[in-house]
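K.L.:
Pasting a structure below so you can have a look.
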Amino acid sequence: MLRKAICLLWLLLLSQIATAQNVVVVVDGDNPVHQQFTASFRRQLANWTVVGLERKSASLELLNGASLVVSLGRLAAWDLSSKVLDVPVINSLIAEADWQRLAAEEGERRRRTALYLNQPPSRLLALVKTAMPGRHQVTVALGPDSKRAEAAIEQGCRQYGLRCDVLLVENEAGIELALRRAAASDQILLVLPDPQVVNTTTARNLILGAYRRGVALVGYSKALVKAGALMAVHSTPEQLGEDASVTAREALEKTPVTVPPSRYPERYSVSVNYQLARALQLDIEPEASLLHAIEKAERNE
Amino acid sequence: MNSGGIRKNLLLLTLTPSLALLVLLFGYFSYQQINLLQSALHERGITVARYLAAAAEFGVVTGNMQQLRTVTQSVLEGDVHGLHIYDMDERLLLAHGEVSVKPFSPHLGNDQAALCGEKEHLLVFCTPINVTPLPVSDYQTSGPLEPVRIGRLEVTLSTERLLYKRDVLVGRSAGIALFVLFLALALTRRIEHKITRPLEALIETVERVSHGDLNSQVPEDESGELQTLQRGVNAMIEALSQHHDEMEDRVASATMRLREALEKLEQKNRDLDIQRQRAESASMAKSQFLASMSHEIRTPLSGMVGMLGLLNRETLSDSQQDYVHHLLEAANALRLLIDEILDFSRIEAGKLSIVNQAFSPLGIVEDVSVMLAPSAHHKELELILDIDPAIPYKVNGDPLRFRQVLINLMGNAIKFTSEGNVLLRVRSQMLPDEARAELLFEVSDTGIGIAPEKLQLIFESFTQVDGGTTRRFEGSGLGMTISRELVKLMGGDIGVESEPGKGSRFWFSLSWPVLQLEQPIRHTLGGKRVLLYESHSLSCETIESSLKSLGAMVKSVDDELAVLTAIERQPFDDILLCENSSAFTQQALAEQLHRRDWSGQKPCLCHVTFINGQSSSELFPCHISKPLLPSRLLRLTQSESRATELQVSTFNRPLTILVAEDNAINAKVITHLLHAAGHRVMHADNGRAALDVMRHEELDGVLMDMRMPEMDGLTVTRLWREEEQGSGRHLPIIALTANDSKDDRNACLAVGMDDFLIKPMDGTQLGVVLGRYC
């Protein structure tokens, strides 16, 4: 009896997916970030049929019956990469490094693209420049995953008139070294998403070390700001959902459906720890002003 | 209740709950405070450990020793005794202080701290040092972040401060408790003093009042109930004082009345005393009168009796002898009456006293029995003696009064018995102390008896059972009264049991000191075989008993045939044929026995008769008068003994006796008696003449009248004894007096007289006394 019911549901879902111009979103059902993302995504694509599909239930038949597949998270991206799909795929909520590793393993795939989770390094440097215009040297701690962003960093520094001291961190001593180096310069340390540099274990000492040395730690997430970093540029799930919906619409509007190249988030936010700023005797403008200034700076590129 | 009790109770009531509460509170709060101190120390240890663990995280991670020292330095003060930080490899990163306690490694959570070691005054708290995880990504969804342990930390706390604080706490608590206790004690003492002081004042006042100080007042200086009590006590004292005053007035009034009454009474007493003295004087005068009259009456009466006695010895015609006999009876009755009246008057006057001298109770009994036997036998009465052989031989008592009582009782029995017998039974019992003997004398008769309602009157004065004007029996009625008084004076008891028509039983008991229990020379019948023929059963029993007590072998029979049968069967040394009246009834039997052909030794026939009984000396070689006294039974040892009982004692030579007597008749009678006994008599009719004769004549004895003209007998004797003193000789002087009072007797013996004879005396008495001294 139960089996019959499951079969009926399955056929119903299949009939929906088979209708024209539908989008399948592969999610982890219990992940709140995914839920926020999907909700935002669905709002933006009201004219399309958006079907949420549990990552573990995403069969090839269902995926191939859609016009466009959107995966959320690194795991979903890896799951889909192992499948031979006839439809284009947008991999969202994935770090640039992860996507690079996935792409390196699969090779060039025209029908797949990614919307990065992390911000472009230039945007972070824009934040530095905007928030602390009087400081010109930035110490950047890079790890193995973020090492490839070194060029982008240097370009961003040049763009915003900053001197970047890029330091490769391979262990905890490297973090200490980076802090000392930052303390010895303009007391700004920029960190990018890299488990070797910033993780749950190293975060406390990184933050404490920065604070004790009077170093302004600039990060990439609101969580890091809450933990004690001075400021960060980041995108919320809703903003990422909107970015994904824009990308999906662009793809769906093409015939055949074609996904654009991978890109950074277009929508983002700025978070500042003003309490820490006062402790460090820094006068930081309001977050909205900073956001506006960054957007303005990016438009002027 | 005294104040001490109140004070004690008050202290107990107030201090006990306070003390108990104090101890409980002291214990409870001290315990709580110590627990709090211990908990605080424990929490402090945990807090310090956790704080340091958090603070040391950075230093441990970065190996920043300077930072670690800086962090830990701030807590190294107070009771933090030591601090040790280890990394994950148990390398000691930092050490402050030394501790020998080896801490255990409790399985602690990542952020837990606990006590992990303890020694004496040190506590070691342990906690792990963790790296605090921080979320760094906005898209981290892998659940809560777990801390990572990077080392551990040990904090050692010293409990010395805790102990010091505990000691301080206990000391302060004890101090406070003591202070509170002393405060409570002081308050209690104050309250107690406030209560007990007025109470003590009250008690003191009440005690003063109880000792008669009714002017005492309690100071009313208190308030409340105590003031009410003080006022009440004062009011009570005032009421008591008023009452006391009233009582004193009443007592004074009563005393005055009593004094007046006493004065009246005293006056009456004086009057009574005067009257008593007058009465005593009158009584004395009466006694003296009686004594004088007694003497004056007895003297001529003695003469009359003596002369009648002499006349009776003369050969007279039957009618003359009858006259003399009646005259003698009348004289004797008169003399007896006078004696009784005299004795009674002496008893009434309290002048009759008891003397103690050695005498033989058995001798008195025999004398009285012999004396009264003629009266009994004259009335054809059997006089039976049942005497205990164990009767003491010599006792110390008053023989005259004993004799008098015995005569009274036996005389009464004979007087009031018309037929039958009179039995005198004597029983002796040694008292437990063996120094005294109690003798019971019973006089039983077969007379008229006494009605029960009259028994109580028998010992009253001037009372006879037949008290009417037509009474059959002579006598003053004083005999039993005198006997009762005499027995009382001798310390004995007297009583009577009687039944009308069946006779009476009078008894009296006397207790005397025993001087000699047994007779020095006891005569016996030496195993004589005696055949006793006595038809009176009671008499037979007593005679048989007496014979046996004298050592005889007795066969008693109660008829003639039995006598003949007995002598046929066995030989006898003596045959006693007893008469039960004055008639000679055994003559035929005696003749038969006399004629009998005795094959062996012929027994001695002994005729036992009444005193006035007839007998035959031819038929009976032995004749004994009843009552059969032991001394008379001993005559059976003599071959032939027809006793001459009236014979005066035998003297070896005639004596020369001076009769000093102013009464011519008495002198004549005494002279005749002495002449009859073969003695020579000299006479003096006054004392001076008597003394003169005594000085110039060779005398063997003097019979001295006490009252004589010119010089009384006492003076003569005293002068003679004075003259005689140193001469080496002693002239026996025997007093002659009509008055047998103790005073006279003592007066006679005091001046040196040897004995005492009461007039009128008979020849026997005279012979006995002379035989004793001359």
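Ligands are numbered from 1 in the order shown, chains are lettered A, B, ... in the order of the structure tokens, and residues start at 1 in each chain.
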Extract, using only C-alpha atoms, all DNA, RNA and protein residues at most 12 Å from stretch 297-299 of chain B, discarding same-chain residues fewer than 4 positions from it, and format them as an NGL selection string.

P.N.:
:B and (289-293 or 303-306 or 331-332 or 334-339 or 342 or 661-667 or 669 or 705-707 or 736-740 or 758-761)

K.L.:
For the residues in the current selection, export C-alpha atoms as a PDB file, in the first residue's frame.

P.N.:
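Result file is selection-v6.pdb:
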```
ATOM      1  CA  PHE B 289      -7.940   6.390 171.055  1.00  0.00           C
ATOM      2  CA  LEU B 290      -8.542   3.072 169.366  1.00  0.00           C
ATOM      3  CA  ALA B 291      -5.058   1.935 170.180  1.00  0.00           C
ATOM      4  CA  SER B 292      -5.411   3.056 173.725  1.00  0.00           C
ATOM      5  CA  MET B 293      -8.824   1.570 173.993  1.00  0.00           C
ATOM      6  CA  GLY B 303      -6.762 -11.263 182.061  1.00  0.00           C
ATOM      7  CA  MET B 304     -10.241 -12.603 181.646  1.00  0.00           C
ATOM      8  CA  VAL B 305      -9.187 -15.154 179.069  1.00  0.00           C
ATOM      9  CA  GLY B 306      -6.225 -16.178 181.116  1.00  0.00           C
ATOM     10  CA  ALA B 331     -13.978 -13.662 175.348  1.00  0.00           C
ATOM     11  CA  ASN B 332     -12.193 -15.059 172.334  1.00  0.00           C
ATOM     12  CA  LEU B 334     -14.552 -10.330 171.681  1.00  0.00           C
ATOM     13  CA  ARG B 335     -10.795 -10.429 171.354  1.00  0.00           C
ATOM     14  CA  LEU B 336     -11.058 -11.407 167.700  1.00  0.00           C
ATOM     15  CA  LEU B 337     -13.503  -8.603 167.086  1.00  0.00           C
ATOM     16  CA  ILE B 338     -11.212  -6.119 168.729  1.00  0.00           C
ATOM     17  CA  ASP B 339      -8.272  -7.367 166.715  1.00  0.00           C
ATOM     18  CA  LEU B 342      -7.831  -2.561 165.207  1.00  0.00           C
ATOM     19  CA  GLU B 661       3.365  -6.551 184.475  1.00  0.00           C
ATOM     20  CA  ASP B 662       1.315  -3.862 186.141  1.00  0.00           C
ATOM     21  CA  ASN B 663      -1.980  -5.615 185.493  1.00  0.00           C
ATOM     22  CA  ALA B 664      -2.428  -7.957 188.377  1.00  0.00           C
ATOM     23  CA  ILE B 665      -4.721 -10.363 186.573  1.00  0.00           C
ATOM     24  CA  ASN B 666      -2.402 -10.723 183.605  1.00  0.00           C
ATOM     25  CA  ALA B 667       0.518 -11.108 185.927  1.00  0.00           C
ATOM     26  CA  VAL B 669      -2.239 -15.660 184.620  1.00  0.00           C
ATOM     27  CA  ASP B 705       5.078  -5.305 179.699  1.00  0.00           C
ATOM     28  CA  MET B 706       5.597  -2.238 177.522  1.00  0.00           C
ATOM     29  CA  ARG B 707       3.337   0.039 179.471  1.00  0.00           C
ATOM     30  CA  LEU B 736       4.459  -8.327 176.506  1.00  0.00           C
ATOM     31  CA  THR B 737       1.941  -6.075 174.873  1.00  0.00           C
ATOM     32  CA  ALA B 738      -1.686  -5.980 174.027  1.00  0.00           C
ATOM     33  CA  ASN B 739      -0.880  -3.953 170.914  1.00  0.00           C
ATOM     34  CA  ASP B 740       0.783  -5.868 168.079  1.00  0.00           C
ATOM     35  CA  ILE B 758       0.967 -10.441 172.347  1.00  0.00           C
ATOM     36  CA  LYS B 759      -1.412 -10.714 175.226  1.00  0.00           C
ATOM     37  CA  PRO B 760      -3.272 -12.784 175.908  1.00  0.00           C
ATOM     38  CA  MET B 761      -0.904 -15.634 175.199  1.00  0.00           C
TER      39      MET B 761
END
```

K.L.:
With only C-alpha atoms considered, list every residue of chain B at most 10 Å from chain A, as a list in words.

P.N.:
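The selection requested is Glu57, Phe58, Gly59, Val61, Thr62, Asn130, Val131, Thr132, Pro133, Leu134, Pro135, Val136, Ser137, Asp138, Tyr139, Gln140, Thr141, Ser142, Leu145, Glu146, Pro147 and Val148 of chain B.
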
K.L.:
Mind writing the picked residues with N, CA, C and O atoms as a compact mmCIF listing (two decimals), in the first residue's frame?

P.N.:
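Below is the file part_13.txt, written as the result:
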```txt
# COMPACT_ATOMS: atom_id res chain seq x y z
N GLU B 57 44.07 30.05 27.98
CA GLU B 57 43.93 29.42 26.66
C GLU B 57 44.88 30.05 25.63
O GLU B 57 45.63 29.36 24.96
N PHE B 58 44.83 31.33 25.63
CA PHE B 58 45.66 32.02 24.63
C PHE B 58 47.13 31.76 24.86
O PHE B 58 47.88 31.47 23.94
N GLY B 59 47.52 31.83 26.13
CA GLY B 59 48.94 31.63 26.44
C GLY B 59 49.39 30.22 26.12
O GLY B 59 50.49 30.00 25.63
N VAL B 61 48.02 28.19 23.90
CA VAL B 61 48.01 27.98 22.45
C VAL B 61 49.23 28.63 21.83
O VAL B 61 49.91 28.05 20.99
N THR B 62 49.48 29.83 22.30
CA THR B 62 50.57 30.56 21.67
C THR B 62 51.90 30.31 22.33
O THR B 62 52.93 30.77 21.82
N ASN B 130 40.80 24.45 27.26
CA ASN B 130 40.27 24.18 25.92
C ASN B 130 40.46 25.39 25.01
O ASN B 130 40.56 26.52 25.49
N VAL B 131 40.46 25.07 23.80
CA VAL B 131 40.40 26.13 22.82
C VAL B 131 38.92 26.35 22.52
O VAL B 131 38.21 25.43 22.14
N THR B 132 38.51 27.59 22.69
CA THR B 132 37.09 27.87 22.50
C THR B 132 36.80 27.99 21.01
O THR B 132 37.39 28.83 20.30
N PRO B 133 35.92 27.12 20.51
CA PRO B 133 35.62 27.20 19.07
C PRO B 133 34.74 28.40 18.75
O PRO B 133 33.85 28.73 19.52
N LEU B 134 35.02 29.02 17.61
CA LEU B 134 34.22 30.16 17.18
C LEU B 134 33.72 29.90 15.75
O LEU B 134 34.48 29.42 14.89
N PRO B 135 32.47 30.20 15.51
CA PRO B 135 31.97 30.05 14.12
C PRO B 135 32.61 31.14 13.24
O PRO B 135 32.65 32.30 13.62
N VAL B 136 33.09 30.70 12.11
CA VAL B 136 33.78 31.66 11.23
C VAL B 136 33.05 31.81 9.90
O VAL B 136 33.40 32.68 9.11
N SER B 137 32.10 30.89 9.65
CA SER B 137 31.40 30.95 8.37
C SER B 137 29.92 31.19 8.62
O SER B 137 29.36 30.67 9.58
N ASP B 138 29.33 31.95 7.71
CA ASP B 138 27.90 32.17 7.84
C ASP B 138 27.10 30.96 7.42
O ASP B 138 25.91 30.87 7.68
N TYR B 139 27.74 30.01 6.76
CA TYR B 139 27.02 28.86 6.24
C TYR B 139 27.45 27.56 6.90
O TYR B 139 27.30 26.50 6.35
N GLN B 140 28.03 27.69 8.12
CA GLN B 140 28.43 26.51 8.89
C GLN B 140 27.18 25.89 9.49
O GLN B 140 26.50 26.50 10.31
N THR B 141 26.86 24.69 9.18
CA THR B 141 25.63 24.06 9.66
C THR B 141 25.91 22.71 10.28
O THR B 141 25.04 21.87 10.35
N SER B 142 27.11 22.51 10.74
CA SER B 142 27.45 21.17 11.26
C SER B 142 27.25 21.06 12.77
O SER B 142 27.95 20.36 13.46
N LEU B 145 29.68 23.60 18.14
CA LEU B 145 31.12 23.45 18.01
C LEU B 145 31.70 22.85 19.27
O LEU B 145 31.39 23.29 20.39
N GLU B 146 32.53 21.84 19.14
CA GLU B 146 33.12 21.18 20.28
C GLU B 146 34.45 21.83 20.60
O GLU B 146 35.27 22.06 19.71
N PRO B 147 34.70 22.10 21.94
CA PRO B 147 36.01 22.67 22.28
C PRO B 147 37.10 21.62 22.15
O PRO B 147 36.85 20.43 22.26
N VAL B 148 38.25 22.10 21.96
CA VAL B 148 39.40 21.22 21.80
C VAL B 148 40.33 21.40 22.99
O VAL B 148 40.72 22.51 23.33
```

K.L.:
Among stretch 15-149 of chain B, which residues carry a DSSP assignment of helix (DSSP H, G or I), reported as a VMD selection string?

P.N.:
chain B and resid 15 to 62 65 to 73

K.L.:
Give the answer as one residue: which of A:Val138, A:Leu252, A:Val259, A:Val191 has the shortest atom-to-atom distance to A:Gly156, using only C-alpha atoms?

P.N.:
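Between A:Val138, A:Leu252, A:Val259, A:Val191, the residue approaching A:Gly156 most closely is A:Val138.
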
K.L.:
Could you tell me how far atom CA of B:Glu263 lies from atom CA of B:Glu248, in Å and to one decimal?

P.N.:
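Pair atom CA of B:Glu263 / atom CA of B:Glu248 returns 21.3 Å.
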
K.L.:
Which one of A:Val69, A:Leu115, A:Leu189, A:Val270 sits closest to A:Ile294 if you count only C-alpha atoms?

P.N.:
A:Val270

K.L.:
Neighbouring residues of stretch 721-730 of chain B were defined as those with any atom within 12 Å, considering only C-alpha atoms; residues of the same chain fewer than 3 positions away were excluded. Please report them as a list in words.

P.N.:
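Using only C-alpha atoms, the neighbours found are Leu691, Asp692, Met694, Arg695, Glu698, Leu699, Asp700, Gly701, Val702, Leu714, Thr715, Val716, Thr717, Arg718, Ile733, Leu749, Ala750, Val751, Gly752, Met753, Asp754, Tyr773 and Cys774 of chain B.
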
K.L.:
Excluding same-chain residues fewer than 5 positions from A:Gln35, what lies within 10 Å of it counting only C-alpha atoms, as a PyMOL selection string?

P.N.:
chain A and resi 27-30+40-41+52+72+237-238+241

K.L.:
Could you save the residues just selected, with N, CA, C and O atoms, as a PDB file, in the first residue's frame?

P.N.:
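Output contents, as saved in result.pdb:
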```pdb
ATOM      1  N   VAL A  27      18.409  20.264  -3.023  1.00  0.00           N
ATOM      2  CA  VAL A  27      18.702  20.846  -1.683  1.00  0.00           C
ATOM      3  C   VAL A  27      18.876  19.746  -0.640  1.00  0.00           C
ATOM      4  O   VAL A  27      18.531  18.588  -0.871  1.00  0.00           O
ATOM      5  N   ASP A  28      19.453  20.202   0.467  1.00  0.00           N
ATOM      6  CA  ASP A  28      19.367  19.386   1.686  1.00  0.00           C
ATOM      7  C   ASP A  28      18.186  19.950   2.475  1.00  0.00           C
ATOM      8  O   ASP A  28      18.228  21.107   2.951  1.00  0.00           O
ATOM      9  N   GLY A  29      17.139  19.136   2.560  1.00  0.00           N
ATOM     10  CA  GLY A  29      15.855  19.644   3.080  1.00  0.00           C
ATOM     11  C   GLY A  29      15.923  20.291   4.456  1.00  0.00           C
ATOM     12  O   GLY A  29      15.200  21.239   4.746  1.00  0.00           O
ATOM     13  N   ASP A  30      16.805  19.809   5.311  1.00  0.00           N
ATOM     14  CA  ASP A  30      16.806  20.311   6.688  1.00  0.00           C
ATOM     15  C   ASP A  30      17.799  21.451   6.872  1.00  0.00           C
ATOM     16  O   ASP A  30      18.063  21.855   7.992  1.00  0.00           O
ATOM     17  N   SER A  40      13.909  32.484  -1.521  1.00  0.00           N
ATOM     18  CA  SER A  40      14.256  33.684  -2.269  1.00  0.00           C
ATOM     19  C   SER A  40      14.295  33.399  -3.771  1.00  0.00           C
ATOM     20  O   SER A  40      13.804  34.189  -4.585  1.00  0.00           O
ATOM     21  N   PHE A  41      14.866  32.292  -4.090  1.00  0.00           N
ATOM     22  CA  PHE A  41      14.976  31.872  -5.498  1.00  0.00           C
ATOM     23  C   PHE A  41      13.596  31.726  -6.118  1.00  0.00           C
ATOM     24  O   PHE A  41      13.327  32.180  -7.241  1.00  0.00           O
ATOM     25  N   GLY A  52      11.602  21.757  -5.788  1.00  0.00           N
ATOM     26  CA  GLY A  52      12.672  21.405  -4.846  1.00  0.00           C
ATOM     27  C   GLY A  52      12.854  19.910  -4.792  1.00  0.00           C
ATOM     28  O   GLY A  52      11.888  19.171  -4.713  1.00  0.00           O
ATOM     29  N   LEU A  72      22.477  23.264  -4.541  1.00  0.00           N
ATOM     30  CA  LEU A  72      22.857  24.119  -3.401  1.00  0.00           C
ATOM     31  C   LEU A  72      23.886  23.382  -2.552  1.00  0.00           C
ATOM     32  O   LEU A  72      23.633  22.264  -2.099  1.00  0.00           O
ATOM     33  N   PRO A 237      21.869  34.304   2.395  1.00  0.00           N
ATOM     34  CA  PRO A 237      21.227  33.294   1.548  1.00  0.00           C
ATOM     35  C   PRO A 237      20.175  33.902   0.631  1.00  0.00           C
ATOM     36  O   PRO A 237      20.030  33.449  -0.522  1.00  0.00           O
ATOM     37  N   GLU A 238      19.461  34.856   1.117  1.00  0.00           N
ATOM     38  CA  GLU A 238      18.454  35.488   0.271  1.00  0.00           C
ATOM     39  C   GLU A 238      19.105  36.186  -0.923  1.00  0.00           C
ATOM     40  O   GLU A 238      18.630  36.114  -2.088  1.00  0.00           O
ATOM     41  N   GLY A 241      20.209  33.688  -3.253  1.00  0.00           N
ATOM     42  CA  GLY A 241      19.049  33.162  -3.983  1.00  0.00           C
ATOM     43  C   GLY A 241      18.639  34.098  -5.132  1.00  0.00           C
ATOM     44  O   GLY A 241      18.282  33.655  -6.245  1.00  0.00           O
TER      45      GLY A 241
END
```

K.L.:
When you draw a straight line from atom CA of B:Trp507 to atom CA of B:Thr542, how long is it in Å?

P.N.:
18.5 Å

K.L.:
If you count only C-alpha atoms, which residues fall within 12 Å of B:Ala56, apart from same-chain ones fewer than 6 positions away, as a VMD selection string?

P.N.:
(chain A and resid 205) or (chain B and resid 48 to 50 62 to 73 83 to 87 93 to 94 127 to 132 150 to 154)
